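Chemist: I have a structure I would like to understand better, so I am pasting it below and will then ask my questions one at a time.
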Amino acid sequence: MYIQVDERKRTDVLSTKYYQYNIDNLEDRPEQIVASSVFDKKYSFDGTLGANYSPTRTILRVWAPTAESVDVILYDGLYDDRNERYAMEKGERGTHELLLMGDYAGKAYKYAITFPNGDAVETVDPYSYATTVNGERSVILDYANTNPENWGKRLDPITSPVDAIIYELHIRDFTISPDSGTKNKGKFLGVIEAGTASPDGRTTGLDYLKELGVTHVQILPMADFFTVDEKNPSKTYNWGYDPQNFNVPEGSYATDPYQPEVRILEMKEMIQGLHDAGIRVIMDVVYNHVYLPKVHPLEKTVPGYYFRRYADGTLSNGTGVGNDTASERYMMRKYIVDSITYWAKNFNLDGFRFDLMGIHDVDTMNVIRAALDEIDPSIIMLGEGWNLNTNLAPSEKAIQQNADRMQGIAQFNDALREAVKGSDFDFGNDTGFITGKPFMEGWVATNLQGGAYYPANRASYTDPAQMVQYVEAHDNLTLYDKLLNSMPWDDEETRERRHLLASSLVLLSQGVPFIHAGQEYMRTKHGVENSYNAPDEINRMDWKRRDENGAAVDYLKGLIQLRKSEPLFRLKSIAEIKQHMNILKAEYQIVVYQLEDESALYYVVFNGQGNAIDFDVESGDYFELIHDCKNYMDAPQTLEKLSKVHVERLSTTVIVKLK
């Protein structure tokens, strides 16, 4: 839809009045000029942007090819209004540079940009890696002062993402409850406090994560976001999907948001503390949109460039929040890659979850994958590959249907989610396999097989590591609340059985299992469907409820233990799945599969019926590992001369015969 610029009719932007190109009918549509491939060809820049610090000099460099001039406003103090202005020199390919001789660590700055038509703006550096409180000024930092003691240790690489068990949490939710036993509530440091306990004396926080056995925590956005006031963070709440400064840790999670070093140091301490506990960290990143384009530094520095527009000039809105970033443009792609590699290298992160990944283009995601492979090939990439209505050709979108063109990048498998519990739309009234919806068994079975035999029109997975298997995430109703809506007549025991059945389908599927924090104890948000800005009382982890539902937690511990102990539950290729996994039944609210290799034979039976069933198995002596919503992993039940396995209503049974 973008109008292509004829090179023969084009004049140099830096030598003409602002956007007064000699192009027919485009004088009033400058955004179509900067969005053109010709503009990218002329002004794309591969060098370092932002503040390049050393103790003897700092180079400030910004990409602003449509600017007439750029000045640096250098403040006397972080929060001092006194300042000096320095004119930047024009560099190559639309950059502007300033060399500052001496040690400028700790200095705050902004850019003052003047365009040829006389318009002028002030903005923070789009490449800010440190800011003052609420992201209002950029700060030059000596990053050697932001490393914890013994910093730099990375955990040994995992062999495949299917070895991961991902636990999604929000920093503030995790410890903000009065019952968390945590001192640094709602902070980076609170996540790694050891020895914390609930009023009943059970573990909370870090010790609880270790006890649960998850391998990765996926943390909701922890880069600087807009709608929580860092000066008074308790006043408002947000998940963080409203980006402000993409490369700066969120200050409301720091013990002192006024000092730029503190948030960086404490985020690193959190990551190091999780690593010391054997838990890897996945960062949720939100490059698909910004909170308000008009005030964002990307738009201020190069108006019209970083965001997609329709032919009529209006902003593309596949995200549903008013704007879509244009990842296919050279400098937006560079920005995302530079940001991701900055976080990966400087914060020792183990993975990245891409919010609304379907907004991005396939090529950009593959460039990111290649860049991360150079750092550590075991770094996980996963994202929401929804086919959204953004102004990008379907063949270019990073969506499930194009998964075969994005090796090493996983996608959230909403098909399993909906087959198991029903659609999240219509107030959660729809039902699925666990709630008695007919004819869902075959679809559940297909999704359990990690991409083997998967219909190409739905997704083009080529590897089980591309499928993130889940039934609950931060979005939409929690599974417990959905069960309240879709099956309001259930008694509490029946509701719990349905809930545990759903979680077992996730953890015993081929692919990458994903658990929402609190799912293991049937977390409720009291019917709030999307709690992104609801108060702490709705969002916080309820440690008292965890204590009350300890049996459910123990059940999920057993499923996690089983998955981690037996490679057959995490096969690494479709060929291995076809060799070792066999669907035996998928009808009448029952799904049964078999796993077998030279040392063991497993039967896994999911019973969605409201009554107990029996299922014929190969005769022999078995150990019962999971049965009737209980975990027997530490003391397996012996079943001698078994030829028929008994499975209670709305439950999962796992038995194994050793060869």
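Please note that chains go A, B, ... in the order of the structure tokens, that every chain numbers its residues from 1, and that ligands are numbered from 1 in the order shown.
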Tell me which protein, DNA and RNA residues are within 7 Å of A:Arg85, counting only C-alpha atoms, leaving out same-chain ones fewer than 4 positions away, and put them as a list of chain:residue names.
Modeler: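 My list of contacting residues is A:Asp71, A:Val72, A:Ile73, A:Leu74.
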Chemist: Take the residues that were just selected and, keeping C-alpha atoms, output them as a compact mmCIF listing (two decimals), in the first residue's frame.
Modeler:
# COMPACT_ATOMS: atom_id res chain seq x y z
CA ASP A 71 21.36 19.78 19.97
CA VAL A 72 22.26 17.92 23.13
CA ILE A 73 20.82 19.36 26.33
CA LEU A 74 23.26 18.38 29.08
Chemist: Write out as a compact mmCIF listing (two decimals) with N, CA and C atoms, in the first residue's frame which residues come within 10 Å of stretch 246-258 of chain A when counting only C-alpha atoms, dropping same-chain ones fewer than 6 positions away.
Modeler:
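Output contents, as saved in selection-v6.txt:
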# COMPACT_ATOMS: atom_id res chain seq x y z
N LEU A 78 21.12 15.26 37.75
CA LEU A 78 20.05 14.40 37.24
C LEU A 78 18.70 15.10 37.24
N TYR A 79 18.46 15.91 38.28
CA TYR A 79 17.15 16.56 38.42
C TYR A 79 17.28 18.08 38.50
N PRO A 126 16.22 7.62 21.98
CA PRO A 126 15.55 6.33 21.75
C PRO A 126 16.40 5.15 22.20
N TYR A 127 17.72 5.32 22.20
CA TYR A 127 18.64 4.28 22.63
C TYR A 127 19.08 4.47 24.09
N SER A 128 18.23 5.07 24.90
CA SER A 128 18.54 5.20 26.33
C SER A 128 18.71 3.83 26.96
N TYR A 129 19.78 3.67 27.72
CA TYR A 129 19.97 2.46 28.52
C TYR A 129 19.84 2.76 30.01
N ALA A 130 19.71 4.04 30.34
CA ALA A 130 19.47 4.47 31.71
C ALA A 130 18.71 5.79 31.65
N THR A 131 17.84 5.99 32.63
CA THR A 131 17.05 7.23 32.67
C THR A 131 16.87 7.69 34.11
N THR A 132 16.40 8.91 34.24
CA THR A 132 15.95 9.40 35.53
C THR A 132 14.57 8.81 35.83
N VAL A 133 14.00 9.17 36.97
CA VAL A 133 12.71 8.63 37.38
C VAL A 133 11.64 8.92 36.32
N ASN A 134 10.80 7.93 36.07
CA ASN A 134 9.74 8.00 35.07
C ASN A 134 10.25 8.21 33.64
N GLY A 135 11.52 7.91 33.42
CA GLY A 135 12.06 7.94 32.06
C GLY A 135 12.09 9.30 31.42
N SER A 138 17.44 10.94 29.63
CA SER A 138 18.43 9.89 29.42
C SER A 138 19.63 10.16 30.32
N ILE A 171 6.31 -9.48 38.36
CA ILE A 171 7.17 -9.18 39.50
C ILE A 171 6.37 -8.68 40.69
N ARG A 172 5.48 -7.75 40.44
CA ARG A 172 4.71 -7.15 41.55
C ARG A 172 3.74 -8.18 42.14
N ASN A 184 10.98 -7.03 50.42
CA ASN A 184 10.97 -6.13 49.25
C ASN A 184 9.78 -6.46 48.36
N LYS A 185 8.60 -6.18 48.85
CA LYS A 185 7.37 -6.55 48.14
C LYS A 185 7.24 -5.79 46.83
N GLY A 186 6.94 -6.52 45.76
CA GLY A 186 6.72 -5.91 44.46
C GLY A 186 7.99 -5.45 43.76
N LYS A 187 9.14 -5.89 44.22
CA LYS A 187 10.41 -5.40 43.68
C LYS A 187 11.22 -6.54 43.05
N PHE A 188 12.21 -6.13 42.24
CA PHE A 188 13.14 -7.12 41.68
C PHE A 188 13.72 -7.98 42.80
N LEU A 189 14.17 -7.34 43.88
CA LEU A 189 14.85 -8.07 44.95
C LEU A 189 13.91 -8.98 45.70
N GLY A 190 12.62 -8.65 45.71
CA GLY A 190 11.67 -9.51 46.41
C GLY A 190 11.56 -10.89 45.79
N PRO A 221 6.42 -7.86 31.26
CA PRO A 221 7.36 -6.78 30.92
C PRO A 221 8.03 -6.13 32.12
N MET A 222 9.35 -6.09 32.04
CA MET A 222 10.12 -5.44 33.10
C MET A 222 11.02 -4.34 32.53
N ALA A 223 10.81 -4.01 31.25
CA ALA A 223 11.40 -2.79 30.71
C ALA A 223 10.46 -1.63 31.01
N ASP A 224 11.00 -0.45 31.04
CA ASP A 224 10.29 0.77 31.45
C ASP A 224 8.95 0.92 30.73
N PHE A 225 7.87 1.01 31.52
CA PHE A 225 6.57 1.24 30.93
C PHE A 225 5.92 2.50 31.49
N PHE A 226 4.84 2.91 30.86
CA PHE A 226 4.36 4.28 30.96
C PHE A 226 3.43 4.55 32.14
N VAL A 228 2.61 3.36 35.22
CA VAL A 228 2.84 3.30 36.66
C VAL A 228 3.82 4.40 37.03
N ASP A 229 3.41 5.28 37.93
CA ASP A 229 4.26 6.39 38.37
C ASP A 229 5.35 5.85 39.28
N GLU A 230 6.59 5.93 38.82
CA GLU A 230 7.70 5.39 39.60
C GLU A 230 7.91 6.14 40.91
N LYS A 231 7.38 7.36 41.00
CA LYS A 231 7.49 8.13 42.24
C LYS A 231 6.49 7.63 43.28
N ASN A 232 5.42 7.02 42.82
CA ASN A 232 4.37 6.54 43.72
C ASN A 232 3.76 5.26 43.14
N PRO A 233 4.53 4.18 43.09
CA PRO A 233 4.09 2.99 42.35
C PRO A 233 2.86 2.31 42.92
N SER A 234 2.58 2.49 44.20
CA SER A 234 1.42 1.82 44.79
C SER A 234 0.10 2.44 44.32
N GLY A 240 2.35 -3.88 32.18
CA GLY A 240 3.56 -3.35 31.56
C GLY A 240 3.60 -3.41 30.05
N ILE A 264 19.07 -1.04 37.32
CA ILE A 264 19.87 -1.96 36.51
C ILE A 264 20.54 -3.01 37.40
N LEU A 265 21.16 -2.53 38.47
CA LEU A 265 21.83 -3.44 39.40
C LEU A 265 20.85 -4.45 39.99
N GLU A 266 19.69 -3.99 40.42
CA GLU A 266 18.76 -4.89 41.10
C GLU A 266 18.10 -5.87 40.14
N MET A 267 17.88 -5.47 38.91
CA MET A 267 17.36 -6.43 37.93
C MET A 267 18.40 -7.52 37.69
N LYS A 268 19.66 -7.13 37.58
CA LYS A 268 20.72 -8.13 37.41
C LYS A 268 20.83 -9.03 38.64
N VAL A 285 8.91 -9.17 26.02
CA VAL A 285 9.27 -7.92 25.35
C VAL A 285 8.13 -7.47 24.43
N VAL A 286 7.98 -6.15 24.31
CA VAL A 286 6.80 -5.57 23.66
C VAL A 286 7.27 -4.56 22.61
N TYR A 287 7.74 -5.08 21.47
CA TYR A 287 8.22 -4.21 20.41
C TYR A 287 7.16 -3.92 19.35
N VAL A 290 3.81 1.09 20.85
CA VAL A 290 4.19 1.92 21.99
C VAL A 290 2.92 2.46 22.62
N TYR A 335 16.70 -1.58 15.46
CA TYR A 335 16.40 -1.17 16.83
C TYR A 335 16.02 -2.39 17.68
N ILE A 336 15.15 -3.24 17.15
CA ILE A 336 14.72 -4.42 17.90
C ILE A 336 15.90 -5.36 18.14
N ASP A 338 19.16 -4.65 18.13
CA ASP A 338 20.09 -4.02 19.07
C ASP A 338 19.57 -4.14 20.51
N SER A 339 18.27 -3.93 20.68
CA SER A 339 17.69 -3.99 22.02
C SER A 339 17.74 -5.41 22.59
N ILE A 340 17.34 -6.38 21.80
CA ILE A 340 17.34 -7.77 22.26
C ILE A 340 18.75 -8.23 22.62
N TYR A 342 21.27 -6.38 23.43
CA TYR A 342 21.70 -5.65 24.63
C TYR A 342 21.22 -6.37 25.88
N TRP A 343 19.95 -6.71 25.92
CA TRP A 343 19.40 -7.40 27.09
C TRP A 343 20.07 -8.77 27.27
Chemist: Nearest residue to A:Ala452 out of A:Ser54, A:Gln579, A:Ser395, A:Ser565, using only C-alpha atoms?
Modeler: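 Under the stated criterion, the closest residue is A:Gln579.
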Chemist: Write down as a list in words the residues of stretch 26-133 of chain A whose backbone DSSP state falls under alpha helix (DSSP H).
Modeler: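 Written out, the alpha helix (DSSP H) residues of stretch 26-133 of chain A are Pro30, Glu31, Gln32, Ile33, Val34, Ser37, Val38, Phe39, Asp40, Lys41, Lys42 and Tyr43 of chain A.
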Chemist: Please produce a file of those selected residues containing N, CA and C atoms, as an mmCIF file, in the first residue's frame.
Modeler:
data_model
loop_
_atom_site.group_PDB
_atom_site.id
_atom_site.type_symbol
_atom_site.label_atom_id
_atom_site.label_comp_id
_atom_site.auth_asym_id
_atom_site.auth_seq_id
_atom_site.Cartn_x
_atom_site.Cartn_y
_atom_site.Cartn_z
ATOM 1 N N PRO A 30 4.337 13.351 4.226
ATOM 2 C CA PRO A 30 5.745 13.013 4.458
ATOM 3 C C PRO A 30 5.946 11.597 4.985
ATOM 4 N N GLU A 31 4.943 11.055 5.701
ATOM 5 C CA GLU A 31 5.139 9.723 6.269
ATOM 6 C C GLU A 31 5.322 8.664 5.195
ATOM 7 N N GLN A 32 4.809 8.915 3.981
ATOM 8 C CA GLN A 32 4.994 7.936 2.920
ATOM 9 C C GLN A 32 6.395 8.019 2.317
ATOM 10 N N ILE A 33 7.060 9.150 2.486
ATOM 11 C CA ILE A 33 8.445 9.260 2.035
ATOM 12 C C ILE A 33 9.356 8.461 2.958
ATOM 13 N N VAL A 34 9.258 8.705 4.260
ATOM 14 C CA VAL A 34 10.155 8.025 5.190
ATOM 15 C C VAL A 34 9.860 6.532 5.252
ATOM 16 N N SER A 37 11.133 2.287 0.577
ATOM 17 C CA SER A 37 12.360 1.503 0.512
ATOM 18 C C SER A 37 13.537 2.355 0.073
ATOM 19 N N VAL A 38 13.265 3.385 -0.714
ATOM 20 C CA VAL A 38 14.338 4.275 -1.154
ATOM 21 C C VAL A 38 14.936 5.017 0.038
ATOM 22 N N PHE A 39 14.071 5.449 0.956
ATOM 23 C CA PHE A 39 14.551 6.139 2.159
ATOM 24 C C PHE A 39 15.443 5.205 2.976
ATOM 25 N N ASP A 40 15.007 3.970 3.148
ATOM 26 C CA ASP A 40 15.824 2.992 3.874
ATOM 27 C C ASP A 40 17.165 2.775 3.188
ATOM 28 N N LYS A 41 17.138 2.675 1.880
ATOM 29 C CA LYS A 41 18.369 2.420 1.139
ATOM 30 C C LYS A 41 19.378 3.536 1.334
ATOM 31 N N LYS A 42 18.895 4.762 1.360
ATOM 32 C CA LYS A 42 19.805 5.903 1.458
ATOM 33 C C LYS A 42 20.291 6.133 2.885
ATOM 34 N N TYR A 43 19.410 5.916 3.876
ATOM 35 C CA TYR A 43 19.731 6.359 5.233
ATOM 36 C C TYR A 43 19.935 5.228 6.243
#
Chemist: Report, in Å with one decimal, the straight-line distance from atom CA of A:Ile282 to atom CA of A:Gly351.
Modeler: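 Interatomic distance here is 4.2 Å.
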Chemist: Identify, with DSSP run on backbone atoms, the residues in stretch 270-459 of chain A assigned to strand (DSSP E), and express the list as a PDB file with C-alpha atoms, in the first residue's frame.
Modeler:
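Printed below is out_29.pdb as written:
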ATOM      1  CA  ARG A 280      16.403 -19.492  33.929  1.00  0.00           C
ATOM      2  CA  VAL A 281      14.764 -16.183  33.017  1.00  0.00           C
ATOM      3  CA  ILE A 282      12.656 -15.327  29.967  1.00  0.00           C
ATOM      4  CA  MET A 283      11.912 -11.645  29.413  1.00  0.00           C
ATOM      5  CA  ASP A 284       8.551 -10.601  27.979  1.00  0.00           C
ATOM      6  CA  VAL A 285       9.270  -7.919  25.346  1.00  0.00           C
ATOM      7  CA  GLY A 351      14.865 -16.265  26.577  1.00  0.00           C
ATOM      8  CA  PHE A 352      12.505 -13.701  25.101  1.00  0.00           C
ATOM      9  CA  ARG A 353       8.740 -13.854  24.746  1.00  0.00           C
ATOM     10  CA  PHE A 354       7.473 -11.587  21.952  1.00  0.00           C
ATOM     11  CA  ILE A 380      14.575 -19.469  23.871  1.00  0.00           C
ATOM     12  CA  MET A 381      12.438 -17.372  21.533  1.00  0.00           C
ATOM     13  CA  LEU A 382       8.678 -17.684  21.773  1.00  0.00           C
ATOM     14  CA  GLY A 383       5.789 -15.436  20.854  1.00  0.00           C
ATOM     15  CA  ALA A 410       8.193 -21.150  19.262  1.00  0.00           C
ATOM     16  CA  GLN A 411       4.560 -20.099  19.041  1.00  0.00           C
ATOM     17  CA  PHE A 412       1.826 -20.164  21.652  1.00  0.00           C
TER      18      PHE A 412
END
Chemist: Considering only C-alpha atoms, can you say which of A:Thr301, A:Ser531, A:Asn549, A:Asn429 comes closest to A:Leu484?
Modeler: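 Among the listed residues, the smallest separation from A:Leu484 belongs to A:Asn429.
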Chemist: Quick one: distance from atom CA of A:Asn288 to atom CA of A:Asp363 in Å, one decimal?
Modeler: 14.7 Å
Chemist: Skipping near chain neighbours, those fewer than 6 positions away, what residues fall within 9 Å of stretch 388-393 of chain A using only C-alpha atoms, listed as a list in words?
Modeler: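 Everything that qualifies: Met1, Arg308, Arg309, Tyr310, Ser316, Asn317, Gly318, Thr319, Asp324, Ala326, Glu328, Leu356, Gly358, Ile359, His360, Asp361 and Ile399 of chain A.
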Chemist: Excluding stretch 505-516 of chain A and its own-chain neighbours fewer than 2 positions away, which residues fall within 6 Å of it when counting only C-alpha atoms? Please give them as a list in words.
Modeler: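 Counting only C-alpha atoms, the residues come to Val162, Ile165, Ile166, Tyr167, Glu168, Leu448, Gln449, Gly450, Pro464, Ala465, Met467, Val468, Gln469, Tyr470, Glu472, Ala473, Ala502, Ser503, Gln519 and Arg570 of chain A.
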Chemist: Kindly export the residues of the current selection with C-alpha atoms, as a short mmCIF file (atom, residue, chain, number, x, y, z; two decimals), in the first residue's frame.
Modeler:
data_model
loop_
_atom_site.label_atom_id
_atom_site.label_comp_id
_atom_site.auth_asym_id
_atom_site.auth_seq_id
_atom_site.Cartn_x
_atom_site.Cartn_y
_atom_site.Cartn_z
CA VAL A 162 11.13 -28.96 25.11
CA ILE A 165 8.90 -25.91 31.98
CA ILE A 166 7.93 -22.25 31.81
CA TYR A 167 6.23 -20.44 34.71
CA GLU A 168 4.82 -17.01 33.83
CA LEU A 448 -0.71 -33.44 22.16
CA GLN A 449 1.60 -34.79 19.46
CA GLY A 450 3.81 -31.71 19.19
CA PRO A 464 7.82 -29.83 18.83
CA ALA A 465 10.04 -27.06 20.19
CA MET A 467 4.75 -25.38 20.11
CA VAL A 468 4.15 -23.72 23.48
CA GLN A 469 1.45 -25.81 25.16
CA TYR A 470 -0.80 -24.00 27.63
CA GLU A 472 -3.89 -20.39 31.00
CA ALA A 473 -1.82 -17.20 30.76
CA ALA A 502 -6.42 -29.47 32.02
CA SER A 503 -3.03 -28.90 33.62
CA GLN A 519 -2.50 -22.08 37.95
CA ARG A 570 9.78 -34.33 25.84
#
Chemist: For A:Asp554, which residue out of A:Tyr521, A:Ala51, A:Asp536, A:Ile583 is the nearest one, using only C-alpha atoms?
Modeler: A:Tyr521
Chemist: In Å, how far is it from atom CA of A:Arg137 to atom CA of A:Gly304?
Modeler: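 Interatomic distance here is 22.8 Å.
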Chemist: Could you pull the residues within 10 Å of A:Glu537, counting only C-alpha atoms, minus those fewer than 5 positions along the same chain, as an MDAnalysis selection string?
Modeler: chainID A and resid 173 176:177 525:526 542
Chemist: Select, from A:Ala551, A:Leu206, A:Ala534, A:Leu99, the residue with the minimum atom-to-atom distance to A:Lys235, counting only C-alpha atoms.
Modeler: A:Ala534
